[in-house]
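Q: Have a peek at entry06.pdb (PDB, C-alpha atoms and all ligand atoms).
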MODEL        1
ATOM      1  CA  MET A   1       0.000   0.000   0.000  1.00  0.00           C
ATOM      2  CA  ARG A   2       1.018   3.582  -0.468  1.00  0.00           C
ATOM      3  CA  ILE A   3       0.200   6.860   1.276  1.00  0.00           C
ATOM      4  CA  LYS A   4       0.680   9.893  -0.938  1.00  0.00           C
ATOM      5  CA  PHE A   5       0.506  13.466   0.363  1.00  0.00           C
ATOM      6  CA  LEU A   6      -0.931  15.791  -2.263  1.00  0.00           C
ATOM      7  CA  GLY A   7      -0.647  19.031  -0.271  1.00  0.00           C
ATOM      8  CA  HIS A   8      -2.587  20.800   2.522  1.00  0.00           C
ATOM      9  CA  ALA A   9      -5.046  18.203   3.935  1.00  0.00           C
ATOM     10  CA  CYS A  10      -5.197  16.077   0.789  1.00  0.00           C
ATOM     11  CA  VAL A  11      -4.000  12.515   1.292  1.00  0.00           C
ATOM     12  CA  GLN A  12      -4.396   9.596  -1.103  1.00  0.00           C
ATOM     13  CA  VAL A  13      -4.247   6.035   0.237  1.00  0.00           C
ATOM     14  CA  GLN A  14      -3.706   3.458  -2.481  1.00  0.00           C
ATOM     15  CA  GLY A  15      -4.442  -0.177  -1.747  1.00  0.00           C
ATOM     16  CA  SER A  16      -7.006  -2.517  -3.269  1.00  0.00           C
ATOM     17  CA  LYS A  17      -8.992   0.714  -3.674  1.00  0.00           C
ATOM     18  CA  THR A  18      -7.802   4.299  -3.968  1.00  0.00           C
ATOM     19  CA  ILE A  19      -9.099   6.558  -1.204  1.00  0.00           C
ATOM     20  CA  LEU A  20      -8.754  10.312  -1.668  1.00  0.00           C
ATOM     21  CA  ILE A  21      -9.366  12.673   1.239  1.00  0.00           C
ATOM     22  CA  ASP A  22     -10.059  16.429   0.999  1.00  0.00           C
ATOM     23  CA  PRO A  23      -8.878  17.026  -2.590  1.00  0.00           C
ATOM     24  CA  PHE A  24      -8.098  20.755  -2.560  1.00  0.00           C
ATOM     25  CA  LEU A  25      -5.852  21.034  -5.621  1.00  0.00           C
ATOM     26  CA  SER A  26      -7.064  23.900  -7.833  1.00  0.00           C
ATOM     27  CA  GLY A  27      -6.029  27.141  -6.145  1.00  0.00           C
ATOM     28  CA  ASN A  28      -3.771  25.330  -3.681  1.00  0.00           C
ATOM     29  CA  PRO A  29      -0.311  26.877  -3.983  1.00  0.00           C
ATOM     30  CA  ALA A  30       1.203  23.641  -2.618  1.00  0.00           C
ATOM     31  CA  ALA A  31      -0.784  21.180  -4.738  1.00  0.00           C
ATOM     32  CA  ALA A  32       1.285  18.287  -6.030  1.00  0.00           C
ATOM     33  CA  VAL A  33      -0.978  17.313  -8.910  1.00  0.00           C
ATOM     34  CA  GLU A  34      -3.742  18.819 -10.979  1.00  0.00           C
ATOM     35  CA  ALA A  35      -7.319  17.848 -10.284  1.00  0.00           C
ATOM     36  CA  ASN A  36      -7.675  16.319 -13.738  1.00  0.00           C
ATOM     37  CA  GLU A  37      -4.900  13.781 -13.153  1.00  0.00           C
ATOM     38  CA  VAL A  38      -5.804  12.397  -9.736  1.00  0.00           C
ATOM     39  CA  GLN A  39      -7.495   9.004  -9.354  1.00  0.00           C
ATOM     40  CA  ALA A  40      -9.992   7.851  -6.742  1.00  0.00           C
ATOM     41  CA  ASP A  41     -12.508   5.094  -6.070  1.00  0.00           C
ATOM     42  CA  TYR A  42     -13.791   6.873  -2.952  1.00  0.00           C
ATOM     43  CA  ILE A  43     -13.470  10.504  -1.901  1.00  0.00           C
ATOM     44  CA  LEU A  44     -13.839  11.368   1.793  1.00  0.00           C
ATOM     45  CA  VAL A  45     -14.658  15.026   2.469  1.00  0.00           C
ATOM     46  CA  THR A  46     -14.324  16.176   6.073  1.00  0.00           C
ATOM     47  CA  HIS A  47     -16.274  19.460   5.685  1.00  0.00           C
ATOM     48  CA  GLY A  48     -17.424  22.047   3.200  1.00  0.00           C
ATOM     49  CA  HIS A  49     -14.637  24.639   3.456  1.00  0.00           C
ATOM     50  CA  GLY A  50     -12.996  25.255   0.114  1.00  0.00           C
ATOM     51  CA  ASP A  51      -9.597  24.007   1.233  1.00  0.00           C
ATOM     52  CA  HIS A  52     -11.173  20.554   1.850  1.00  0.00           C
ATOM     53  CA  LEU A  53     -14.125  20.227  -0.546  1.00  0.00           C
ATOM     54  CA  GLY A  54     -11.787  21.584  -3.204  1.00  0.00           C
ATOM     55  CA  ASP A  55     -12.098  19.735  -6.519  1.00  0.00           C
ATOM     56  CA  THR A  56     -14.342  16.971  -5.165  1.00  0.00           C
ATOM     57  CA  VAL A  57     -17.173  17.511  -7.653  1.00  0.00           C
ATOM     58  CA  GLU A  58     -14.939  17.564 -10.717  1.00  0.00           C
ATOM     59  CA  ILE A  59     -12.896  14.539  -9.630  1.00  0.00           C
ATOM     60  CA  ALA A  60     -15.959  12.526  -8.635  1.00  0.00           C
ATOM     61  CA  LYS A  61     -17.661  13.203 -11.961  1.00  0.00           C
ATOM     62  CA  ARG A  62     -14.575  12.251 -13.978  1.00  0.00           C
ATOM     63  CA  THR A  63     -13.679   9.124 -11.992  1.00  0.00           C
ATOM     64  CA  GLY A  64     -17.133   7.980 -10.855  1.00  0.00           C
ATOM     65  CA  ALA A  65     -15.850   7.915  -7.292  1.00  0.00           C
ATOM     66  CA  LYS A  66     -18.359   7.600  -4.480  1.00  0.00           C
ATOM     67  CA  VAL A  67     -18.141  10.604  -2.126  1.00  0.00           C
ATOM     68  CA  ILE A  68     -18.526  10.102   1.623  1.00  0.00           C
ATOM     69  CA  ALA A  69     -19.355  13.128   3.776  1.00  0.00           C
ATOM     70  CA  MET A  70     -21.648  14.347   6.533  1.00  0.00           C
ATOM     71  CA  VAL A  71     -25.311  14.212   5.453  1.00  0.00           C
ATOM     72  CA  GLU A  72     -25.759  17.940   4.829  1.00  0.00           C
ATOM     73  CA  LEU A  73     -22.671  18.142   2.643  1.00  0.00           C
ATOM     74  CA  ALA A  74     -23.502  14.861   0.876  1.00  0.00           C
ATOM     75  CA  ASN A  75     -26.977  16.190   0.089  1.00  0.00           C
ATOM     76  CA  TRP A  76     -25.417  19.244  -1.546  1.00  0.00           C
ATOM     77  CA  LEU A  77     -22.970  17.022  -3.440  1.00  0.00           C
ATOM     78  CA  ASN A  78     -25.831  14.876  -4.738  1.00  0.00           C
ATOM     79  CA  GLY A  79     -27.377  18.067  -6.065  1.00  0.00           C
ATOM     80  CA  GLN A  80     -24.178  18.626  -8.023  1.00  0.00           C
ATOM     81  CA  GLY A  81     -24.606  15.285  -9.798  1.00  0.00           C
ATOM     82  CA  VAL A  82     -22.160  13.387  -7.618  1.00  0.00           C
ATOM     83  CA  ASP A  83     -22.680   9.958  -5.992  1.00  0.00           C
ATOM     84  CA  GLY A  84     -22.705  11.238  -2.403  1.00  0.00           C
ATOM     85  CA  MET A  85     -23.186   9.031   0.662  1.00  0.00           C
ATOM     86  CA  GLY A  86     -24.291  10.996   3.722  1.00  0.00           C
ATOM     87  CA  MET A  87     -23.145   9.683   7.089  1.00  0.00           C
ATOM     88  CA  ASN A  88     -23.075  11.171  10.577  1.00  0.00           C
ATOM     89  CA  VAL A  89     -20.846  11.223  13.630  1.00  0.00           C
ATOM     90  CA  GLY A  90     -20.232   7.831  15.206  1.00  0.00           C
ATOM     91  CA  GLY A  91     -21.620   5.884  12.276  1.00  0.00           C
ATOM     92  CA  ALA A  92     -19.629   3.260  10.402  1.00  0.00           C
ATOM     93  CA  TYR A  93     -20.328   1.341   7.218  1.00  0.00           C
ATOM     94  CA  ALA A  94     -18.545  -1.344   5.216  1.00  0.00           C
ATOM     95  CA  PHE A  95     -18.704   0.027   1.683  1.00  0.00           C
ATOM     96  CA  GLU A  96     -17.234  -3.099   0.197  1.00  0.00           C
ATOM     97  CA  ASN A  97     -14.853  -5.880   1.066  1.00  0.00           C
ATOM     98  CA  GLY A  98     -11.766  -4.296   2.530  1.00  0.00           C
ATOM     99  CA  LEU A  99     -13.114  -0.767   3.058  1.00  0.00           C
ATOM    100  CA  ARG A 100     -14.995   0.367   6.140  1.00  0.00           C
ATOM    101  CA  VAL A 101     -15.477   4.022   7.075  1.00  0.00           C
ATOM    102  CA  LYS A 102     -16.430   5.558  10.432  1.00  0.00           C
ATOM    103  CA  VAL A 103     -17.200   9.230  11.021  1.00  0.00           C
ATOM    104  CA  THR A 104     -15.536  10.949  13.977  1.00  0.00           C
ATOM    105  CA  PRO A 105     -16.175  14.274  15.677  1.00  0.00           C
ATOM    106  CA  ALA A 106     -14.057  17.304  14.794  1.00  0.00           C
ATOM    107  CA  TRP A 107     -14.171  20.633  16.588  1.00  0.00           C
ATOM    108  CA  HIS A 108     -14.565  22.947  13.633  1.00  0.00           C
ATOM    109  CA  SER A 109     -17.223  24.613  11.479  1.00  0.00           C
ATOM    110  CA  SER A 110     -18.496  23.784   8.010  1.00  0.00           C
ATOM    111  CA  GLN A 111     -20.134  25.687   5.193  1.00  0.00           C
ATOM    112  CA  LEU A 112     -21.114  25.188   1.578  1.00  0.00           C
ATOM    113  CA  PRO A 113     -19.278  26.985  -1.254  1.00  0.00           C
ATOM    114  CA  ASP A 114     -21.968  29.702  -1.304  1.00  0.00           C
ATOM    115  CA  GLY A 115     -21.355  30.419   2.395  1.00  0.00           C
ATOM    116  CA  THR A 116     -24.413  28.596   3.758  1.00  0.00           C
ATOM    117  CA  PRO A 117     -23.674  26.876   7.086  1.00  0.00           C
ATOM    118  CA  CYS A 118     -23.509  23.125   6.576  1.00  0.00           C
ATOM    119  CA  GLY A 119     -23.874  21.166   9.800  1.00  0.00           C
ATOM    120  CA  LEU A 120     -20.861  19.756  11.552  1.00  0.00           C
ATOM    121  CA  ALA A 121     -17.327  19.222  10.382  1.00  0.00           C
ATOM    122  CA  ALA A 122     -15.997  15.684  10.805  1.00  0.00           C
ATOM    123  CA  GLY A 123     -13.023  13.393  10.623  1.00  0.00           C
ATOM    124  CA  PHE A 124     -12.829   9.813   9.373  1.00  0.00           C
ATOM    125  CA  ILE A 125     -11.460   6.534  10.584  1.00  0.00           C
ATOM    126  CA  PHE A 126     -11.221   4.051   7.741  1.00  0.00           C
ATOM    127  CA  TRP A 127      -9.991   0.523   7.371  1.00  0.00           C
ATOM    128  CA  LEU A 128      -8.467  -0.509   4.064  1.00  0.00           C
ATOM    129  CA  ASP A 129      -6.853  -3.887   3.425  1.00  0.00           C
ATOM    130  CA  GLY A 130      -6.537  -4.567   7.149  1.00  0.00           C
ATOM    131  CA  LEU A 131      -4.900  -1.277   8.171  1.00  0.00           C
ATOM    132  CA  CYS A 132      -6.631   1.461  10.165  1.00  0.00           C
ATOM    133  CA  PHE A 133      -6.269   5.119   9.157  1.00  0.00           C
ATOM    134  CA  TYR A 134      -7.520   8.328  10.806  1.00  0.00           C
ATOM    135  CA  HIS A 135      -7.851  11.649   9.009  1.00  0.00           C
ATOM    136  CA  ALA A 136      -8.694  14.250  11.642  1.00  0.00           C
ATOM    137  CA  GLY A 137      -9.965  16.875   9.201  1.00  0.00           C
ATOM    138  CA  ASP A 138      -9.788  20.382  10.595  1.00  0.00           C
ATOM    139  CA  THR A 139     -10.060  20.268  14.362  1.00  0.00           C
ATOM    140  CA  GLY A 140      -8.860  21.618  17.624  1.00  0.00           C
ATOM    141  CA  LEU A 141      -7.591  19.225  20.258  1.00  0.00           C
ATOM    142  CA  PHE A 142     -10.373  17.314  22.011  1.00  0.00           C
ATOM    143  CA  GLY A 143     -10.391  14.704  24.750  1.00  0.00           C
ATOM    144  CA  ASP A 144     -12.388  12.163  22.785  1.00  0.00           C
ATOM    145  CA  MET A 145      -9.301  11.551  20.686  1.00  0.00           C
ATOM    146  CA  GLN A 146      -8.214   9.509  23.693  1.00  0.00           C
ATOM    147  CA  GLN A 147     -11.606   8.148  24.762  1.00  0.00           C
ATOM    148  CA  VAL A 148     -13.327   7.475  21.439  1.00  0.00           C
ATOM    149  CA  ILE A 149     -10.761   7.417  18.614  1.00  0.00           C
ATOM    150  CA  ALA A 150      -7.622   5.852  20.092  1.00  0.00           C
ATOM    151  CA  PRO A 151      -9.334   2.537  20.992  1.00  0.00           C
ATOM    152  CA  HIS A 152      -9.640   1.785  17.253  1.00  0.00           C
ATOM    153  CA  ASP A 153      -5.917   0.928  17.257  1.00  0.00           C
ATOM    154  CA  LEU A 154      -4.793   3.342  14.548  1.00  0.00           C
ATOM    155  CA  ASP A 155      -1.953   2.384  12.236  1.00  0.00           C
ATOM    156  CA  TRP A 156      -1.767   5.871  10.708  1.00  0.00           C
ATOM    157  CA  ALA A 157      -3.132   9.239  11.820  1.00  0.00           C
ATOM    158  CA  PHE A 158      -3.124  12.307   9.568  1.00  0.00           C
ATOM    159  CA  ILE A 159      -3.378  15.321  11.883  1.00  0.00           C
ATOM    160  CA  PRO A 160      -3.269  19.083  11.347  1.00  0.00           C
ATOM    161  CA  ILE A 161      -0.399  21.079  12.821  1.00  0.00           C
ATOM    162  CA  GLY A 162      -0.856  24.436  11.070  1.00  0.00           C
ATOM    163  CA  ASP A 163      -2.428  26.335  13.983  1.00  0.00           C
ATOM    164  CA  TYR A 164      -4.716  29.371  13.441  1.00  0.00           C
ATOM    165  CA  TYR A 165      -7.659  27.324  12.023  1.00  0.00           C
ATOM    166  CA  THR A 166      -6.786  24.001  13.701  1.00  0.00           C
ATOM    167  CA  MET A 167      -4.475  22.460  16.265  1.00  0.00           C
ATOM    168  CA  GLY A 168      -0.964  23.829  16.234  1.00  0.00           C
ATOM    169  CA  PRO A 169       2.128  21.711  16.872  1.00  0.00           C
ATOM    170  CA  ASP A 170       1.864  21.749  20.684  1.00  0.00           C
ATOM    171  CA  ASP A 171      -1.741  20.551  20.760  1.00  0.00           C
ATOM    172  CA  ALA A 172      -1.010  18.135  17.897  1.00  0.00           C
ATOM    173  CA  LEU A 173       1.758  16.604  20.025  1.00  0.00           C
ATOM    174  CA  THR A 174      -0.777  16.102  22.814  1.00  0.00           C
ATOM    175  CA  ALA A 175      -3.106  14.593  20.219  1.00  0.00           C
ATOM    176  CA  ALA A 176      -0.360  12.191  19.178  1.00  0.00           C
ATOM    177  CA  LYS A 177       0.036  11.076  22.804  1.00  0.00           C
ATOM    178  CA  TRP A 178      -3.714  10.570  23.162  1.00  0.00           C
ATOM    179  CA  LEU A 179      -4.393   8.917  19.786  1.00  0.00           C
ATOM    180  CA  ASN A 180      -1.668   6.345  20.346  1.00  0.00           C
ATOM    181  CA  ALA A 181      -1.309   5.678  16.615  1.00  0.00           C
ATOM    182  CA  LYS A 182       1.695   3.783  15.308  1.00  0.00           C
ATOM    183  CA  ASN A 183       2.474   6.438  12.687  1.00  0.00           C
ATOM    184  CA  TYR A 184       1.667  10.115  12.153  1.00  0.00           C
ATOM    185  CA  LEU A 185       1.595  12.335   9.111  1.00  0.00           C
ATOM    186  CA  PRO A 186       1.306  16.086   9.793  1.00  0.00           C
ATOM    187  CA  ILE A 187      -1.021  17.940   7.422  1.00  0.00           C
ATOM    188  CA  HIS A 188      -2.630  21.389   6.993  1.00  0.00           C
ATOM    189  CA  TYR A 189       0.534  23.468   7.344  1.00  0.00           C
ATOM    190  CA  ASN A 190       2.753  25.695   5.174  1.00  0.00           C
ATOM    191  CA  THR A 191       0.101  25.985   2.444  1.00  0.00           C
ATOM    192  CA  PHE A 192      -0.374  29.650   3.294  1.00  0.00           C
ATOM    193  CA  PRO A 193       1.823  32.069   5.302  1.00  0.00           C
ATOM    194  CA  LEU A 194      -0.593  31.940   8.279  1.00  0.00           C
ATOM    195  CA  LEU A 195       0.026  28.187   8.580  1.00  0.00           C
ATOM    196  CA  ARG A 196       3.829  28.271   8.577  1.00  0.00           C
ATOM    197  CA  GLN A 197       5.182  25.479  10.822  1.00  0.00           C
ATOM    198  CA  ASP A 198       8.331  23.396  11.270  1.00  0.00           C
ATOM    199  CA  ALA A 199       7.211  19.834  10.517  1.00  0.00           C
ATOM    200  CA  GLY A 200      10.698  18.506  11.187  1.00  0.00           C
ATOM    201  CA  ALA A 201      10.538  19.820  14.752  1.00  0.00           C
ATOM    202  CA  PHE A 202       7.093  18.261  15.136  1.00  0.00           C
ATOM    203  CA  LYS A 203       8.416  14.907  13.904  1.00  0.00           C
ATOM    204  CA  ALA A 204      11.318  15.094  16.373  1.00  0.00           C
ATOM    205  CA  ALA A 205       8.965  15.870  19.267  1.00  0.00           C
ATOM    206  CA  VAL A 206       6.557  13.040  18.371  1.00  0.00           C
ATOM    207  CA  GLU A 207       9.375  10.530  18.071  1.00  0.00           C
ATOM    208  CA  ALA A 208      10.985  11.713  21.327  1.00  0.00           C
ATOM    209  CA  GLU A 209       7.794  11.764  23.395  1.00  0.00           C
ATOM    210  CA  THR A 210       5.763   8.865  21.962  1.00  0.00           C
ATOM    211  CA  PRO A 211       6.656   5.386  20.670  1.00  0.00           C
ATOM    212  CA  ALA A 212       5.305   6.364  17.238  1.00  0.00           C
ATOM    213  CA  LYS A 213       7.021   7.234  13.987  1.00  0.00           C
ATOM    214  CA  CYS A 214       6.233  10.466  12.190  1.00  0.00           C
ATOM    215  CA  ALA A 215       6.542  10.839   8.423  1.00  0.00           C
ATOM    216  CA  VAL A 216       7.069  14.283   6.949  1.00  0.00           C
ATOM    217  CA  LEU A 217       6.124  14.364   3.279  1.00  0.00           C
ATOM    218  CA  ALA A 218       6.442  17.271   0.872  1.00  0.00           C
ATOM    219  CA  PRO A 219       3.470  17.609  -1.473  1.00  0.00           C
ATOM    220  CA  GLY A 220       3.808  14.863  -4.058  1.00  0.00           C
ATOM    221  CA  GLU A 221       5.876  12.579  -1.866  1.00  0.00           C
ATOM    222  CA  ALA A 222       4.660   9.126  -0.865  1.00  0.00           C
ATOM    223  CA  VAL A 223       5.513   6.445   1.634  1.00  0.00           C
ATOM    224  CA  ASP A 224       5.089   2.735   0.946  1.00  0.00           C
ATOM    225  CA  ILE A 225       3.637   0.855   3.889  1.00  0.00           C
TER     226      ILE A 225
HETATM  227 NI    NI A 301     -11.964  24.224   7.649  1.00  0.00          NI
HETATM  228 MN    MN A 302      -8.845  23.778   6.491  1.00  0.00          MN
ENDMDL
END
If you took the structure in this file and wrote it as structure tokens, what would it be?
Ligand code: NI
Ligand code: MN
A:
Amino acid sequence: MRIKFLGHACVQVQGSKTILIDPFLSGNPAAAVEANEVQADYILVTHGHGDHLGDTVEIAKRTGAKVIAMVELANWLNGQGVDGMGMNVGGAYAFENGLRVKVTPAWHSSQLPDGTPCGLAAGFIFWLDGLCFYHAGDTGLFGDMQQVIAPHDLDWAFIPIGDYYTMGPDDALTAAKWLNAKNYLPIHYNTFPLLRQDAGAFKAAVEAETPAKCAVLAPGEAVDI
């Protein structure tokens, strides 16, 4: 399997299926690929903000990917001619052999592209080919990372470190201690000047203060797992 970081919060997990999360590529100064060249069988969208919804509609229409999101956002996506599946916090579903998705809380807001408020933001736990992944979406630190999310025995956690709109590095380090994942990938930093962070320092802190490994990937880089 392969985890590829495409910039900002966009991560692609390639196994028996290709899972694409938060494909903000057009207008992303750090995007690694163009929206018209990315592949997906499933697209997971954590919330409606433009830096997460991104190119979801275009990619889903071109690839035929099923799009998994909170119900309010999925309803809007269905109105755009996309195959949207609306879930809600705490719910899980086995979409096919080898892929199960569970929606987690995230402390953040959500809105549609026209500015209409759009229910809650979310994160996702998903299982693909026997490994467990967590994409936190945009969120502040919250205690249920320890109580509700960590017990899923995460192999990989993709967590924001950019600060300003989400956790910064200090809270993300606490998150890493609470989530107890085997591996971390920092996301949602350096895309814009407000989100400037030292991912190398974050990696060093995680590896010094937890038993986990932390991968730092530049946009376009991948790690084989
Ligand atoms: Ni956001
Ligand atoms: Mn964001």
Q: Given the PyMOL selection byres (((not hetatm)) within 12 of (chain A and resi 302)) and the file above, list the residues it selects as a PyMOL selection string.
A: chain A and resi 7-10+22-24+28+45-54+106-111+121-123+136-140+159-167+187-192+194-195
Q: Counting all atoms listed in the file, which residue out of A:Leu112, A:Ile19, A:Gln39, A:Trp76 sits closest to ligand NI 301 (chain A)?
A: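 Closest to ligand NI 301 (chain A), using all atoms listed in the file: A:Leu112.
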Q: If I wrap all listed atoms of stretch 155-168 of chain A in a box with edges along x, y and z and add 5 Å on each side, what are its centre and edge lengths in Å to one decimal, as AutoDock Vina command-line options?
A:
--center_x -4.0 --center_y 15.9 --center_z 12.9 --size_x 17.3 --size_y 37.0 --size_z 16.7
Q: For the PyMOL selection byres (((chain A and resi 200) around 12) and not hetatm), applied here, can you spell out every residue it catches as an NGL selection string?
A: :A and (161 or 169 or 185-186 or 189 or 197-199 or 201-207 or 214-218)
Q: Which residue gives the smallest distance to ligand NI 301 (chain A) among A:Ala181, A:Ala208, A:Cys118, A:Ala30, with all atoms listed in the file counted?
A: A:Cys118
Q: Find, counting only C-alpha atoms and all ligand atoms, the residue in A:Leu44, A:Leu120, A:Leu179, A:Ile3 that gets nearest to ligand NI 301 (chain A).
A: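 Ranking A:Leu44, A:Leu120, A:Leu179, A:Ile3 by distance to ligand NI 301 (chain A), first place goes to A:Leu120.
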Q: Taking the file as shown, find all residues satisfying the PyMOL selection byres (((chain A and resi 38) around 10) and not hetatm) and write them as a count of residues only.
A: 16
Q: Which is closer to A:Ala94 than all the others in A:Pro29, A:Ile68, A:Val13, A:Glu209, using all atoms listed in the file?
A: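 Ranked by minimum distance to A:Ala94, first place goes to A:Ile68.
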Q: So, with only C-alpha atoms as the atoms that count, which of A:Ala172, A:Ile43, A:Ala212, A:Leu77 lies closest to A:Phe124?
A: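 Under the stated criterion, the closest residue is A:Ile43.
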Q: For ligand NI 301 (chain A), which residue among A:Pro113, A:Lys102, A:Gly90, A:Thr56 is the nearest when counting only C-alpha atoms and all ligand atoms?
A: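 Among A:Pro113, A:Lys102, A:Gly90, A:Thr56, it is A:Pro113 that comes nearest to ligand NI 301 (chain A).
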Q: Suppose you want the space between atom CA of A:Lys182 and atom CA of A:Asn97; what is it in Å?
A: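 The value is 23.9 Å.
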Q: Please compute the atom CA of A:Met145-atom CA of A:Gly168 distance, one decimal, in Å.
A: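 Atom CA of A:Gly168 lies 15.5 Å from atom CA of A:Met145.
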Q: Name the residues in contact with A:Phe95 at a cut-off of 12 Å, using all atoms listed in the file, excluding same-chain residues fewer than 3 positions from it; report them as a PDB file with C-alpha atoms, keeping the file's coordinate frame.
A:
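selection-v4.pdb, freshly written:
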ATOM      1  CA  LYS A  17      -8.992   0.714  -3.674  1.00  0.00           C
ATOM      2  CA  ILE A  19      -9.099   6.558  -1.204  1.00  0.00           C
ATOM      3  CA  ASP A  41     -12.508   5.094  -6.070  1.00  0.00           C
ATOM      4  CA  TYR A  42     -13.791   6.873  -2.952  1.00  0.00           C
ATOM      5  CA  LYS A  66     -18.359   7.600  -4.480  1.00  0.00           C
ATOM      6  CA  VAL A  67     -18.141  10.604  -2.126  1.00  0.00           C
ATOM      7  CA  ILE A  68     -18.526  10.102   1.623  1.00  0.00           C
ATOM      8  CA  MET A  85     -23.186   9.031   0.662  1.00  0.00           C
ATOM      9  CA  MET A  87     -23.145   9.683   7.089  1.00  0.00           C
ATOM     10  CA  ALA A  92     -19.629   3.260  10.402  1.00  0.00           C
ATOM     11  CA  GLY A  98     -11.766  -4.296   2.530  1.00  0.00           C
ATOM     12  CA  LEU A  99     -13.114  -0.767   3.058  1.00  0.00           C
ATOM     13  CA  ARG A 100     -14.995   0.367   6.140  1.00  0.00           C
ATOM     14  CA  VAL A 101     -15.477   4.022   7.075  1.00  0.00           C
ATOM     15  CA  LYS A 102     -16.430   5.558  10.432  1.00  0.00           C
ATOM     16  CA  PHE A 126     -11.221   4.051   7.741  1.00  0.00           C
ATOM     17  CA  TRP A 127      -9.991   0.523   7.371  1.00  0.00           C
ATOM     18  CA  LEU A 128      -8.467  -0.509   4.064  1.00  0.00           C
TER      19      LEU A 128
END
Q: Would you work out the distance separating atom CA of A:Pro219 from atom CA of A:Pro193, expressed in Å to one decimal?
A: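 Distance between the two atoms: 16.1 Å.
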